[in-house]
Amino acid sequence: IKTMQIKSIVEIGTLGGYSTLWMARALPEDGSIYTLEKEAAHAELATGFFTRDPCGRKITLLQGNAAETLQKLGSKGPFDMVFIDADKISYNIYLDWAEAYLRKGG
């Protein structure tokens with residue numbers, strides 16, 4: 001993230017937010033990460049960690065079905081990086097979205 005000067009990330013699949021926080025820590029001060037989580041219990045757990053970490057201010061968690069949420073998020077692109085770690089059966093949907101909303105070289 002630092003080497004490639006990434007400033008904007010979409011993460012599909014938050015779970016407990018461990019990867020999210022590490023990516024947020026590598027972002028510059030004006031960087032941001034949108035993380036998508038389907039399960040409400042996982043989103044609540046991750047939000048608790050985000051609020052206790054100084055880098056949590058760089059994170060926006062969107063709870064709901066990723067395929068639907070991604071369509072709303074597209075207007076904020078293009079993004080520098082997309083990290084996909086969610087339900088494997090939907091990877092083709094996520095990859096198609098990433099190809100459409102990822103900046104050239106991302």
# chains A, B, ... in the order shown; residues from 1 in each chain; ligands from 1
>>> residues_around(residues="Asp30 (chain A)", least_positions_apart="5", cutoff="12 Å", atoms="only C-alpha atoms", output="list in words")
Gln5, Ile6, Lys7, Ser8, Ala24, Arg25, Cys55, Arg57, Lys58 and Ile59 of chain A
>>> select_by_dssp(residues="chain A", states="helix (DSSP H, G or I)", output="MDAnalysis selection string")
chainID A and resid 18:26 40:52 54:58 66:76 88:101
>>> write_last_selection(atoms="N, CA and C atoms", output="compact mmCIF listing (two decimals), in the first residue's frame")
# COMPACT_ATOMS: atom_id res chain seq x y z
N TYR A 18 -9.52 -7.22 11.02
CA TYR A 18 -8.08 -7.31 11.21
C TYR A 18 -7.32 -6.78 9.99
N SER A 19 -7.63 -7.29 8.81
CA SER A 19 -6.97 -6.83 7.58
C SER A 19 -7.29 -5.36 7.31
N THR A 20 -8.50 -4.98 7.62
CA THR A 20 -8.93 -3.59 7.40
C THR A 20 -8.03 -2.62 8.16
N LEU A 21 -7.80 -2.93 9.43
CA LEU A 21 -6.97 -2.05 10.25
C LEU A 21 -5.53 -1.99 9.75
N TRP A 22 -4.97 -3.11 9.35
CA TRP A 22 -3.60 -3.10 8.84
C TRP A 22 -3.51 -2.28 7.55
N MET A 23 -4.50 -2.41 6.68
CA MET A 23 -4.48 -1.61 5.46
C MET A 23 -4.65 -0.13 5.79
N ALA A 24 -5.54 0.20 6.73
CA ALA A 24 -5.75 1.60 7.12
C ALA A 24 -4.48 2.21 7.70
N ARG A 25 -3.73 1.42 8.45
CA ARG A 25 -2.48 1.91 9.03
C ARG A 25 -1.44 2.22 7.97
N ALA A 26 -1.51 1.54 6.84
CA ALA A 26 -0.54 1.76 5.76
C ALA A 26 -0.95 2.93 4.85
N ALA A 40 -24.30 -8.84 10.15
CA ALA A 40 -24.41 -7.75 11.13
C ALA A 40 -23.52 -7.98 12.34
N ALA A 41 -23.41 -9.20 12.82
CA ALA A 41 -22.58 -9.48 14.00
C ALA A 41 -21.11 -9.21 13.71
N HIS A 42 -20.65 -9.55 12.51
CA HIS A 42 -19.26 -9.28 12.14
C HIS A 42 -19.04 -7.77 12.00
N ALA A 43 -20.00 -7.08 11.41
CA ALA A 43 -19.88 -5.63 11.24
C ALA A 43 -19.81 -4.94 12.60
N GLU A 44 -20.61 -5.40 13.54
CA GLU A 44 -20.61 -4.81 14.88
C GLU A 44 -19.28 -5.06 15.59
N LEU A 45 -18.75 -6.27 15.47
CA LEU A 45 -17.46 -6.60 16.07
C LEU A 45 -16.35 -5.71 15.49
N ALA A 46 -16.30 -5.62 14.16
CA ALA A 46 -15.27 -4.82 13.50
C ALA A 46 -15.40 -3.35 13.87
N THR A 47 -16.60 -2.83 13.91
CA THR A 47 -16.81 -1.43 14.26
C THR A 47 -16.25 -1.12 15.65
N GLY A 48 -16.38 -2.05 16.57
CA GLY A 48 -15.82 -1.86 17.90
C GLY A 48 -14.31 -1.69 17.85
N PHE A 49 -13.64 -2.49 17.02
CA PHE A 49 -12.19 -2.37 16.88
C PHE A 49 -11.82 -1.06 16.19
N PHE A 50 -12.59 -0.69 15.17
CA PHE A 50 -12.28 0.53 14.41
C PHE A 50 -12.39 1.78 15.29
N THR A 51 -13.38 1.81 16.16
CA THR A 51 -13.57 2.99 17.00
C THR A 51 -12.47 3.15 18.05
N ARG A 52 -11.78 2.06 18.38
CA ARG A 52 -10.71 2.12 19.37
C ARG A 52 -9.33 2.35 18.76
N PRO A 54 -6.76 4.64 16.28
CA PRO A 54 -6.64 5.97 15.66
C PRO A 54 -6.85 5.95 14.14
N CYS A 55 -6.50 4.85 13.49
CA CYS A 55 -6.68 4.77 12.04
C CYS A 55 -8.13 4.46 11.65
N GLY A 56 -8.95 4.20 12.65
CA GLY A 56 -10.36 3.90 12.37
C GLY A 56 -11.09 5.02 11.65
N ARG A 57 -10.59 6.24 11.78
CA ARG A 57 -11.24 7.38 11.10
C ARG A 57 -11.11 7.28 9.59
N LYS A 58 -10.20 6.46 9.10
CA LYS A 58 -10.01 6.28 7.65
C LYS A 58 -10.96 5.22 7.09
N ALA A 66 -22.83 -7.39 -0.45
CA ALA A 66 -21.77 -6.69 -1.17
C ALA A 66 -22.13 -6.41 -2.62
N ALA A 67 -22.76 -7.34 -3.30
CA ALA A 67 -23.11 -7.13 -4.70
C ALA A 67 -24.00 -5.90 -4.86
N GLU A 68 -24.90 -5.68 -3.92
CA GLU A 68 -25.78 -4.51 -3.96
C GLU A 68 -25.05 -3.24 -3.51
N THR A 69 -24.27 -3.36 -2.46
CA THR A 69 -23.55 -2.21 -1.92
C THR A 69 -22.52 -1.68 -2.90
N LEU A 70 -21.86 -2.58 -3.62
CA LEU A 70 -20.85 -2.15 -4.59
C LEU A 70 -21.43 -1.24 -5.65
N GLN A 71 -22.66 -1.50 -6.07
CA GLN A 71 -23.28 -0.66 -7.10
C GLN A 71 -23.42 0.79 -6.63
N LYS A 72 -23.69 0.98 -5.35
CA LYS A 72 -23.81 2.33 -4.79
C LYS A 72 -22.44 2.98 -4.61
N LEU A 73 -21.43 2.18 -4.38
CA LEU A 73 -20.09 2.67 -4.10
C LEU A 73 -19.34 3.10 -5.37
N GLY A 74 -19.76 2.59 -6.50
CA GLY A 74 -19.08 2.88 -7.75
C GLY A 74 -18.91 4.35 -8.06
N SER A 75 -19.84 5.18 -7.64
CA SER A 75 -19.76 6.62 -7.92
C SER A 75 -18.60 7.30 -7.20
N LYS A 76 -18.02 6.64 -6.21
CA LYS A 76 -16.90 7.20 -5.46
C LYS A 76 -15.55 6.82 -6.07
N LYS A 88 -16.71 -17.01 -1.57
CA LYS A 88 -16.00 -17.43 -2.79
C LYS A 88 -16.93 -17.57 -3.99
N ILE A 89 -18.16 -17.93 -3.77
CA ILE A 89 -19.10 -18.15 -4.87
C ILE A 89 -19.39 -16.86 -5.64
N SER A 90 -19.21 -15.71 -5.00
CA SER A 90 -19.50 -14.43 -5.64
C SER A 90 -18.26 -13.73 -6.18
N TYR A 91 -17.11 -14.37 -6.16
CA TYR A 91 -15.87 -13.72 -6.60
C TYR A 91 -15.97 -13.16 -8.01
N ASN A 92 -16.65 -13.84 -8.91
CA ASN A 92 -16.77 -13.32 -10.28
C ASN A 92 -17.50 -11.98 -10.31
N ILE A 93 -18.53 -11.85 -9.49
CA ILE A 93 -19.26 -10.57 -9.40
C ILE A 93 -18.33 -9.48 -8.88
N TYR A 94 -17.59 -9.80 -7.83
CA TYR A 94 -16.69 -8.82 -7.22
C TYR A 94 -15.55 -8.44 -8.17
N LEU A 95 -15.02 -9.42 -8.86
CA LEU A 95 -13.93 -9.16 -9.80
C LEU A 95 -14.41 -8.30 -10.96
N ASP A 96 -15.60 -8.58 -11.49
CA ASP A 96 -16.14 -7.75 -12.56
C ASP A 96 -16.29 -6.30 -12.10
N TRP A 97 -16.80 -6.11 -10.87
CA TRP A 97 -16.94 -4.76 -10.34
C TRP A 97 -15.57 -4.10 -10.20
N ALA A 98 -14.61 -4.84 -9.66
CA ALA A 98 -13.27 -4.29 -9.46
C ALA A 98 -12.64 -3.86 -10.78
N GLU A 99 -12.80 -4.64 -11.80
CA GLU A 99 -12.24 -4.29 -13.10
C GLU A 99 -12.85 -3.00 -13.65
N ALA A 100 -14.11 -2.75 -13.33
CA ALA A 100 -14.79 -1.55 -13.81
C ALA A 100 -14.45 -0.30 -12.99
N TYR A 101 -14.12 -0.47 -11.71
CA TYR A 101 -13.95 0.68 -10.81
C TYR A 101 -12.54 0.84 -10.24
>>> select_by_dssp(residues="chain A", states="strand (DSSP E or B)", output="PyMOL selection string")
chain A and resi 8-12+32-37+59-63+79+81-84+102
>>> atom_distance(atom1="CA of Asn65 (chain A)", atom2="CA of Ile12 (chain A)")
10.0 Å
>>> atom_distance(atom1="CA of Gln63 (chain A)", atom2="CA of Met81 (chain A)")
19.6 Å
>>> closest_residue(among="A:Met4, A:Leu61, A:Leu36, A:Val82", to="Leu102 (chain A)", atoms="only C-alpha atoms")
A:Val82
>>> atom_distance(atom1="CA of Leu15 (chain A)", atom2="CA of Lys104 (chain A)")
28.2 Å
